[in-house]
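**Q** Please find run.csv (CSV, C-alpha atoms and all ligand atoms) on the next line:
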```csv
chain,number,residue,atom,x,y,z
A,1,MET,CA,-107.1,35.7,62.4
A,2,GLN,CA,-104.3,37.9,63.6
A,3,CYS,CA,-101.9,40.2,61.7
A,4,ARG,CA,-98.5,39.6,63.2
A,5,THR,CA,-96.3,41.8,61.2
A,6,GLU,CA,-98.3,45.0,60.9
A,7,PRO,CA,-99.8,46.4,64.1
A,8,LEU,CA,-101.4,49.3,62.2
A,9,CYS,CA,-103.1,46.8,60.0
A,10,GLU,CA,-104.3,44.9,63.0
A,11,ARG,CA,-105.9,48.0,64.4
A,12,VAL,CA,-107.6,48.8,61.0
A,13,ILE,CA,-109.2,45.3,61.1
A,14,ALA,CA,-110.3,45.8,64.7
A,15,LEU,CA,-111.9,49.1,63.7
A,16,LEU,CA,-113.7,47.7,60.7
A,17,ALA,CA,-114.8,44.8,62.9
A,18,VAL,CA,-114.9,42.5,59.9
A,19,ARG,CA,-113.2,39.2,59.3
A,20,VAL,CA,-110.3,39.9,56.9
A,21,PRO,CA,-108.3,36.9,55.9
A,22,LEU,CA,-104.6,37.6,55.6
A,23,TRP,CA,-104.3,35.2,52.7
A,24,ARG,CA,-107.0,32.7,52.1
A,25,PRO,CA,-107.6,31.4,48.6
A,26,GLU,CA,-110.9,33.0,47.5
A,27,LEU,CA,-112.9,32.5,44.4
A,28,LEU,CA,-113.5,36.0,43.1
A,29,LEU,CA,-115.1,35.0,39.8
A,30,LEU,CA,-116.7,38.3,39.0
A,31,ALA,CA,-113.5,40.2,39.6
A,32,HIS,CA,-111.5,37.7,37.4
A,33,VAL,CA,-113.9,37.8,34.6
A,34,ALA,CA,-114.5,41.6,34.7
A,35,TYR,CA,-110.9,42.9,35.0
A,36,THR,CA,-109.6,40.4,32.5
A,37,THR,CA,-112.3,41.0,30.0
A,38,GLY,CA,-112.0,44.8,30.4
A,39,ALA,CA,-108.3,44.7,29.8
A,40,VAL,CA,-108.7,42.5,26.8
A,41,ARG,CA,-111.5,44.7,25.3
A,42,ILE,CA,-109.3,47.8,25.6
A,43,SER,CA,-106.3,45.9,24.1
A,44,GLU,CA,-108.5,44.6,21.3
A,45,LYS,CA,-109.8,48.1,20.5
A,46,PHE,CA,-106.5,50.0,20.6
A,47,ALA,CA,-103.6,47.6,20.1
A,48,LEU,CA,-104.5,44.1,18.9
A,49,ARG,CA,-107.0,45.3,16.2
A,50,ARG,CA,-108.4,41.8,15.6
A,51,PRO,CA,-111.6,40.3,16.9
A,52,LEU,CA,-111.3,37.9,19.8
A,53,ASP,CA,-113.6,35.2,21.1
A,54,TYR,CA,-114.9,36.5,24.4
A,55,ARG,CA,-116.3,33.1,25.4
A,56,LEU,CA,-112.7,31.9,25.3
A,57,VAL,CA,-111.5,35.0,27.1
A,58,VAL,CA,-113.9,34.3,30.0
A,59,LEU,CA,-112.9,30.6,30.1
A,60,MET,CA,-109.2,31.3,30.2
A,61,ALA,CA,-109.7,34.1,32.8
A,62,ILE,CA,-111.0,31.6,35.3
A,63,LEU,CA,-109.3,28.4,34.0
A,64,PRO,CA,-107.0,28.0,37.1
A,65,ASP,CA,-110.1,28.0,39.4
A,66,ILE,CA,-112.0,25.6,37.2
A,67,ILE,CA,-109.2,23.1,37.1
A,68,ASP,CA,-108.2,23.3,40.8
A,69,ARG,CA,-111.8,23.4,42.0
A,70,PHE,CA,-112.4,20.2,40.0
A,71,LEU,CA,-109.3,18.6,41.5
A,72,TYR,CA,-110.2,19.7,45.0
A,73,VAL,CA,-113.8,18.4,44.9
A,74,PHE,CA,-113.5,15.3,42.8
A,75,VAL,CA,-109.9,14.1,42.5
A,76,ILE,CA,-107.5,14.9,45.4
A,77,PRO,CA,-108.9,14.0,48.9
A,78,GLY,CA,-105.9,15.5,50.7
A,79,ALA,CA,-106.3,18.9,49.1
A,80,GLU,CA,-107.1,21.6,51.5
A,81,SER,CA,-108.1,24.4,49.1
A,82,GLY,CA,-109.1,25.2,45.5
A,83,HIS,CA,-105.6,26.5,44.9
A,84,LEU,CA,-103.5,23.6,43.6
A,85,PHE,CA,-101.3,22.9,40.6
A,86,ALA,CA,-103.2,25.1,38.2
A,87,HIS,CA,-102.3,28.1,40.4
A,88,THR,CA,-98.6,27.6,39.8
A,89,LEU,CA,-96.6,29.6,37.3
A,90,VAL,CA,-94.9,26.5,35.9
A,91,PHE,CA,-98.3,25.1,34.9
A,92,ASN,CA,-99.5,28.3,33.3
A,93,VAL,CA,-96.3,29.0,31.4
A,94,ALA,CA,-96.4,25.4,30.1
A,95,LEU,CA,-100.0,26.0,29.0
A,96,PHE,CA,-99.0,29.2,27.3
A,97,VAL,CA,-96.2,27.4,25.4
A,98,VAL,CA,-98.5,24.6,24.3
A,99,LEU,CA,-101.2,27.1,23.0
A,100,VAL,CA,-98.6,29.1,21.1
A,101,ALA,CA,-97.2,25.9,19.6
A,102,ILE,CA,-100.7,24.9,18.4
A,103,ARG,CA,-101.4,28.3,16.9
A,104,ARG,CA,-99.3,31.4,17.3
A,105,ASP,CA,-102.2,33.9,17.6
A,106,LEU,CA,-103.5,32.0,20.7
A,107,TRP,CA,-100.9,33.8,22.8
A,108,ILE,CA,-103.4,36.4,24.0
A,109,TYR,CA,-105.6,33.6,25.5
A,110,GLY,CA,-102.5,31.9,27.0
A,111,LEU,CA,-101.7,35.1,28.9
A,112,LEU,CA,-105.0,35.2,30.6
A,113,PRO,CA,-104.5,32.3,33.2
A,114,ILE,CA,-101.2,34.0,34.1
A,115,ALA,CA,-103.1,37.3,34.6
A,116,HIS,CA,-105.4,35.2,36.9
A,117,LEU,CA,-102.4,34.3,39.1
A,118,ALA,CA,-101.5,38.0,39.4
A,119,LEU,CA,-105.1,38.8,40.5
A,120,ASP,CA,-104.9,36.1,43.1
A,121,LEU,CA,-101.8,37.5,44.7
A,122,PRO,CA,-102.4,39.2,48.1
A,123,VAL,CA,-101.2,42.6,46.7
A,124,PHE,CA,-104.7,44.0,47.3
A,125,SER,CA,-104.8,42.7,50.8
A,126,LEU,CA,-104.8,45.0,53.8
A,127,CYS,CA,-102.0,42.8,55.2
A,128,PRO,CA,-100.0,41.4,52.4
A,129,HIS,CA,-98.4,38.1,53.3
A,130,TRP,CA,-96.3,37.0,50.3
A,131,GLY,CA,-94.7,33.9,51.9
A,132,ASP,CA,-97.5,31.4,51.3
A,133,SER,CA,-98.6,32.7,47.9
A,134,LEU,CA,-95.0,32.8,46.6
A,135,ASP,CA,-94.4,29.2,47.7
A,136,GLU,CA,-97.5,28.2,45.8
A,137,LEU,CA,-96.9,30.4,42.8
A,138,LEU,CA,-93.3,29.4,42.3
A,139,TRP,CA,-93.8,25.7,43.2
A,140,PRO,CA,-91.7,23.5,42.9
A,141,PHE,CA,-88.8,26.0,42.8
A,142,LEU,CA,-89.1,27.3,46.3
A,143,GLY,CA,-89.7,23.8,47.7
A,144,SER,CA,-91.3,20.8,46.0
A,145,ASP,CA,-93.3,19.9,49.1
A,146,LEU,CA,-96.9,19.4,48.2
A,147,ALA,CA,-97.9,21.4,51.2
A,148,ASN,CA,-96.9,24.4,49.2
A,149,VAL,CA,-99.8,23.7,46.8
A,150,HIS,CA,-102.2,22.9,49.7
A,151,ILE,CA,-101.9,19.1,49.7
A,152,PRO,CA,-100.0,18.7,53.0
A,153,GLY,CA,-100.8,14.9,53.3
A,154,GLY,CA,-99.7,14.2,49.8
A,155,LEU,CA,-101.6,12.6,46.9
A,156,THR,CA,-102.2,9.3,48.8
A,157,GLU,CA,-104.0,11.0,51.7
A,158,THR,CA,-107.6,9.8,51.7
A,159,GLY,CA,-109.0,12.5,54.0
A,160,GLY,CA,-111.1,9.9,55.9
A,161,GLN,CA,-114.2,10.6,53.7
A,162,SER,CA,-116.0,8.7,51.0
A,163,LEU,CA,-116.1,10.3,47.5
A,164,GLY,CA,-119.8,11.2,48.1
A,165,GLU,CA,-119.1,12.8,51.5
A,166,ARG,CA,-116.2,14.7,50.1
A,167,ILE,CA,-118.2,16.1,47.1
A,168,MET,CA,-121.0,17.1,49.4
A,169,ASP,CA,-118.6,18.7,51.8
A,170,ARG,CA,-116.5,20.7,49.3
A,171,ILE,CA,-118.9,21.5,46.4
A,172,GLY,CA,-120.5,24.3,48.4
A,173,ASP,CA,-117.2,26.0,49.3
A,174,PRO,CA,-117.4,28.8,46.7
A,175,PHE,CA,-120.7,29.8,48.1
A,176,ARG,CA,-119.4,29.7,51.7
A,177,THR,CA,-116.6,31.9,50.6
A,178,TYR,CA,-119.1,34.6,49.5
A,179,GLY,CA,-121.0,34.0,52.8
A,180,GLU,CA,-117.9,34.7,54.9
A,181,SER,CA,-116.5,37.4,52.6
A,182,SER,CA,-114.4,40.1,54.0
A,183,LEU,CA,-115.1,43.8,53.2
A,184,ARG,CA,-112.1,43.7,50.8
A,185,SER,CA,-113.5,40.8,48.8
A,186,LEU,CA,-116.9,42.4,48.6
A,187,PHE,CA,-115.4,45.7,47.4
A,188,ILE,CA,-113.4,43.8,44.7
A,189,GLU,CA,-116.4,41.9,43.6
A,190,ALA,CA,-118.6,45.1,43.5
A,191,ALA,CA,-116.0,46.9,41.4
A,192,GLY,CA,-115.9,43.8,39.1
A,193,LEU,CA,-119.7,44.0,38.7
A,194,THR,CA,-119.4,47.7,37.8
A,195,VAL,CA,-116.8,46.9,35.2
A,196,LEU,CA,-119.0,44.1,33.7
A,197,THR,CA,-122.0,46.5,33.6
A,198,MET,CA,-119.9,49.1,31.7
A,199,LEU,CA,-118.6,46.5,29.3
A,200,ALA,CA,-122.2,45.4,28.6
A,201,ILE,CA,-123.3,48.9,27.9
A,202,TRP,CA,-120.2,49.6,25.7
A,203,GLY,CA,-121.0,46.4,23.8
A,204,ARG,CA,-124.7,47.3,23.6
A,205,LEU,CA,-125.6,43.9,25.0
A,206,TYR,CA,-129.1,45.2,25.7
A,207,GLU,CA,-129.7,44.8,22.0
A,208,TRP,CA,-130.9,41.3,21.2
A,209,SER,CA,-128.7,41.0,18.1
A,210,ARG,CA,-125.5,42.0,19.9
A,211,LEU,CA,-126.2,39.6,22.8
A,212,ARG,CA,-126.8,36.7,20.3
A,213,GLN,CA,-123.6,37.6,18.5
A,214,LEU,CA,-121.7,37.3,21.9
A,215,VAL,CA,-123.3,33.9,22.7
A,216,SER,CA,-123.0,32.4,19.3
A,217,ALA,CA,-119.7,33.8,18.0
A,218,GLY,CA,-118.0,35.3,21.1
A,219,ARG,CA,-118.0,38.8,19.6
A,220,LEU,CA,-118.3,41.8,21.9
A,301,ZN,ZN,-107.7,31.5,41.4
```
If you convert what's in this file into structure tokens, what do you get?

**A**
Amino acid sequence: MQCRTEPLCERVIALLAVRVPLWRPELLLLAHVAYTTGAVRISEKFALRRPLDYRLVVLMAILPDIIDRFLYVFVIPGAESGHLFAHTLVFNVALFVVLVAIRRDLWIYGLLPIAHLALDLPVFSLCPHWGDSLDELLWPFLGSDLANVHIPGGLTETGGQSLGERIMDRIGDPFRTYGESSLRSLFIEAAGLTVLTMLAIWGRLYEWSRLRQLVSAGRL
């Protein structure tokens, strides 16, 4: 993959001799869970001052990936990635409004999928290419074409595969992503793992009673 707009960046990639995607949807689960949980834990301690359910925090932190990965594997044959409708701002703002309408204090959980979108932006990339990601993030406002949410053939496209073939082909994608990871992705994931370890120590999850409290009541 080449870096057209930034020759310096192209040279850095050549020097590192690693495959660095300019912008390829990647499933960075550890990073999403770690950074979101860390930020929420600090907010809970110093600003919110009310207990939160960290099982729900983790779920909401990766909700766009769960929904779009499900659609990609099981529902939309013409989808070309795990970044679809649930990675658009309009979807997540609507979700936020629905949660707040159900119960006002759910707003903190409604913010987390929006934070997920921010983490997915190529701002941490060596060669930020905002075009593709903004088209997706702000779909349908910058163009309602489904190609902007990675469904170029539309919802009627069959992809030429049976359901079984498609599931077998796509279900391993998250693991292939790790197999082909760039240096940047590995660094972000390693930092995420470090944050999670620090959170576990902070929450004394090495004590059986504290771990049980997290699993059964979501308390950290
Ligand atoms: Zn995502």

**Q** Could you report the residues within 10 Å of ligand ZN 301 (chain A), using only C-alpha atoms and all ligand atoms, as a list in words?

**A**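 Here is the list of contacting residues: Pro25, Glu26, Leu27, Leu28, Leu29, His32, Ala61, Ile62, Leu63, Pro64, Asp65, Ile66, Ile67, Asp68, Arg69, Gly82, His83, Leu84, Ala86, His87, Pro113, His116, Leu117, Ala118, Leu119, Asp120 and Leu121 of chain A.
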
**Q** For the selection just defined, write its residues with C-alpha atoms to a file, as an mmCIF file, keeping the file's coordinate frame.

**A**
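Generated file (result_28.cif):
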```cif
data_model
loop_
_atom_site.group_PDB
_atom_site.id
_atom_site.type_symbol
_atom_site.label_atom_id
_atom_site.label_comp_id
_atom_site.auth_asym_id
_atom_site.auth_seq_id
_atom_site.Cartn_x
_atom_site.Cartn_y
_atom_site.Cartn_z
ATOM 1 C CA PRO A 25 -107.600 31.400 48.600
ATOM 2 C CA GLU A 26 -110.900 33.000 47.500
ATOM 3 C CA LEU A 27 -112.900 32.500 44.400
ATOM 4 C CA LEU A 28 -113.500 36.000 43.100
ATOM 5 C CA LEU A 29 -115.100 35.000 39.800
ATOM 6 C CA HIS A 32 -111.500 37.700 37.400
ATOM 7 C CA ALA A 61 -109.700 34.100 32.800
ATOM 8 C CA ILE A 62 -111.000 31.600 35.300
ATOM 9 C CA LEU A 63 -109.300 28.400 34.000
ATOM 10 C CA PRO A 64 -107.000 28.000 37.100
ATOM 11 C CA ASP A 65 -110.100 28.000 39.400
ATOM 12 C CA ILE A 66 -112.000 25.600 37.200
ATOM 13 C CA ILE A 67 -109.200 23.100 37.100
ATOM 14 C CA ASP A 68 -108.200 23.300 40.800
ATOM 15 C CA ARG A 69 -111.800 23.400 42.000
ATOM 16 C CA GLY A 82 -109.100 25.200 45.500
ATOM 17 C CA HIS A 83 -105.600 26.500 44.900
ATOM 18 C CA LEU A 84 -103.500 23.600 43.600
ATOM 19 C CA ALA A 86 -103.200 25.100 38.200
ATOM 20 C CA HIS A 87 -102.300 28.100 40.400
ATOM 21 C CA PRO A 113 -104.500 32.300 33.200
ATOM 22 C CA HIS A 116 -105.400 35.200 36.900
ATOM 23 C CA LEU A 117 -102.400 34.300 39.100
ATOM 24 C CA ALA A 118 -101.500 38.000 39.400
ATOM 25 C CA LEU A 119 -105.100 38.800 40.500
ATOM 26 C CA ASP A 120 -104.900 36.100 43.100
ATOM 27 C CA LEU A 121 -101.800 37.500 44.700
#
```

**Q** So that I can check the surroundings of A:Val75, please list as a PyMOL selection string every protein, DNA and RNA residue that reaches within 12 Å of it, counting all atoms listed in the file and ignoring chain neighbours fewer than 4 positions away.

**A** chain A and resi 67-71+79+82+84+151+155-159+162-164+166-167+170

**Q** Taking into account only C-alpha atoms, which residue in the set A:Ser133, A:Tyr72, A:Met198, A:Gly78 is nearest to A:Tyr35?

**A** A:Met198

**Q** Could you check which of A:Thr37, A:Asp169, A:Leu52, A:Leu214 is closest to A:Leu112, using all atoms listed in the file?

**A**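 For A:Leu112, the nearest of the given residues is A:Thr37.
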
**Q** Hey, what's within 8 Å of A:Arg55 if we count only C-alpha atoms and toss same-chain stuff fewer than 4 positions away? As a PyMOL selection string, please?

**A** chain A and resi 59+214-215+218

**Q** I'd like the interatomic distance between atom CA of A:Leu99 and atom CA of A:Ala115, to a tenth of an Å.

**A**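 Calculated distance between atom CA of A:Leu99 and atom CA of A:Ala115 is 15.6 Å.
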
**Q** So which one's closest to A:Trp202, A:Phe141, A:Ile42, A:Arg50, A:Ala101? Using all atoms listed in the file, please.

**A**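 Using all atoms listed in the file, the shortest distance to A:Trp202 belongs to A:Ile42.
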
**Q** Choose the residue, out of A:Ile114, A:Val98, A:Val195, A:Val90, that has the smallest atom-to-atom separation from A:Glu136; count all atoms listed in the file.

**A**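 Comparing A:Ile114, A:Val98, A:Val195, A:Val90 against A:Glu136, the winner is A:Val90.
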
**Q** So, with all atoms listed in the file as the atoms that count, which of A:Arg219, A:Leu146, A:Gly160, A:Val93 lies closest to A:Val57?

**A**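 Among the listed residues, the smallest separation from A:Val57 belongs to A:Arg219.
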
**Q** Choose the residue, out of A:Val73, A:Ala191, A:Leu48, A:Leu89, that has the smallest atom-to-atom separation from A:Pro140; count all atoms listed in the file.

**A** A:Leu89

**Q** One decimal, Å: what's the distance from atom CA of A:Leu134 over to atom CA of A:Val149, could you say?

**A** 10.3 Å

**Q** Just the number, please: distance in Å from atom CA of A:Val100 to atom CA of A:Phe85, one decimal.

**A** 20.6 Å

**Q** A:Ala200: which residues within 12 Å, counting all atoms listed in the file, same-chain residues fewer than 2 positions away excluded, as a list in words?

**A**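 Here the answer would be Ala34, Thr37, Gly38, Arg41, Leu193, Thr194, Val195, Leu196, Thr197, Met198, Trp202, Gly203, Arg204, Leu205, Tyr206, Glu207, Arg210, Leu211, Leu214, Arg219 and Leu220 of chain A.
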
**Q** Give me stretch 97-126 of chain A with N, CA and C atoms filled in, as a CSV table (one decimal), in the frame of the given file.

**A**
```csv
chain,number,residue,atom,x,y,z
A,97,VAL,N,-97.1,27.9,26.4
A,97,VAL,CA,-96.2,27.4,25.4
A,97,VAL,C,-96.9,26.4,24.5
A,98,VAL,N,-97.8,25.6,25.1
A,98,VAL,CA,-98.5,24.6,24.3
A,98,VAL,C,-99.5,25.3,23.3
A,99,LEU,N,-100.2,26.4,23.8
A,99,LEU,CA,-101.2,27.1,23.0
A,99,LEU,C,-100.5,27.8,21.8
A,100,VAL,N,-99.3,28.4,22.1
A,100,VAL,CA,-98.6,29.1,21.1
A,100,VAL,C,-98.1,28.1,20.0
A,101,ALA,N,-97.7,26.9,20.5
A,101,ALA,CA,-97.2,25.9,19.6
A,101,ALA,C,-98.3,25.4,18.7
A,102,ILE,N,-99.6,25.4,19.2
A,102,ILE,CA,-100.7,24.9,18.4
A,102,ILE,C,-101.0,26.0,17.4
A,103,ARG,N,-101.1,27.2,17.8
A,103,ARG,CA,-101.4,28.3,16.9
A,103,ARG,C,-100.9,29.6,17.5
A,104,ARG,N,-100.0,30.3,16.7
A,104,ARG,CA,-99.3,31.4,17.3
A,104,ARG,C,-100.2,32.5,17.8
A,105,ASP,N,-101.3,32.8,17.1
A,105,ASP,CA,-102.2,33.9,17.6
A,105,ASP,C,-103.0,33.5,18.8
A,106,LEU,N,-102.8,32.3,19.4
A,106,LEU,CA,-103.5,32.0,20.7
A,106,LEU,C,-102.8,32.6,21.9
A,107,TRP,N,-101.7,33.3,21.6
A,107,TRP,CA,-100.9,33.8,22.8
A,107,TRP,C,-101.7,34.7,23.7
A,108,ILE,N,-102.6,35.5,23.2
A,108,ILE,CA,-103.4,36.4,24.0
A,108,ILE,C,-104.2,35.5,25.0
A,109,TYR,N,-104.8,34.4,24.6
A,109,TYR,CA,-105.6,33.6,25.5
A,109,TYR,C,-104.7,32.9,26.5
A,110,GLY,N,-103.4,32.5,26.1
A,110,GLY,CA,-102.5,31.9,27.0
A,110,GLY,C,-102.0,32.8,28.1
A,111,LEU,N,-102.1,34.1,27.8
A,111,LEU,CA,-101.7,35.1,28.9
A,111,LEU,C,-102.7,35.2,30.0
A,112,LEU,N,-103.9,34.9,29.7
A,112,LEU,CA,-105.0,35.2,30.6
A,112,LEU,C,-105.0,34.4,31.9
A,113,PRO,N,-104.6,33.1,31.9
A,113,PRO,CA,-104.5,32.3,33.2
A,113,PRO,C,-103.3,32.9,34.0
A,114,ILE,N,-102.3,33.4,33.3
A,114,ILE,CA,-101.2,34.0,34.1
A,114,ILE,C,-101.6,35.3,34.7
A,115,ALA,N,-102.5,36.1,34.0
A,115,ALA,CA,-103.1,37.3,34.6
A,115,ALA,C,-103.9,36.9,35.8
A,116,HIS,N,-104.6,35.7,35.7
A,116,HIS,CA,-105.4,35.2,36.9
A,116,HIS,C,-104.6,35.1,38.1
A,117,LEU,N,-103.4,34.5,37.9
A,117,LEU,CA,-102.4,34.3,39.1
A,117,LEU,C,-102.1,35.6,39.7
A,118,ALA,N,-101.9,36.7,38.9
A,118,ALA,CA,-101.5,38.0,39.4
A,118,ALA,C,-102.7,38.5,40.2
A,119,LEU,N,-103.9,38.3,39.7
A,119,LEU,CA,-105.1,38.8,40.5
A,119,LEU,C,-105.3,38.1,41.8
A,120,ASP,N,-104.8,36.9,41.8
A,120,ASP,CA,-104.9,36.1,43.1
A,120,ASP,C,-103.9,36.4,44.1
A,121,LEU,N,-102.9,37.1,43.7
A,121,LEU,CA,-101.8,37.5,44.7
A,121,LEU,C,-102.4,38.4,45.8
A,122,PRO,N,-101.8,38.4,47.0
A,122,PRO,CA,-102.4,39.2,48.1
A,122,PRO,C,-102.0,40.7,48.0
A,123,VAL,N,-101.7,41.2,46.8
A,123,VAL,CA,-101.2,42.6,46.7
A,123,VAL,C,-102.3,43.6,47.0
A,124,PHE,N,-103.6,43.1,46.9
A,124,PHE,CA,-104.7,44.0,47.3
A,124,PHE,C,-105.1,43.9,48.7
A,125,SER,N,-104.4,42.9,49.4
A,125,SER,CA,-104.8,42.7,50.8
A,125,SER,C,-104.4,43.8,51.7
A,126,LEU,N,-105.2,44.0,52.8
A,126,LEU,CA,-104.8,45.0,53.8
A,126,LEU,C,-103.5,44.6,54.5
```
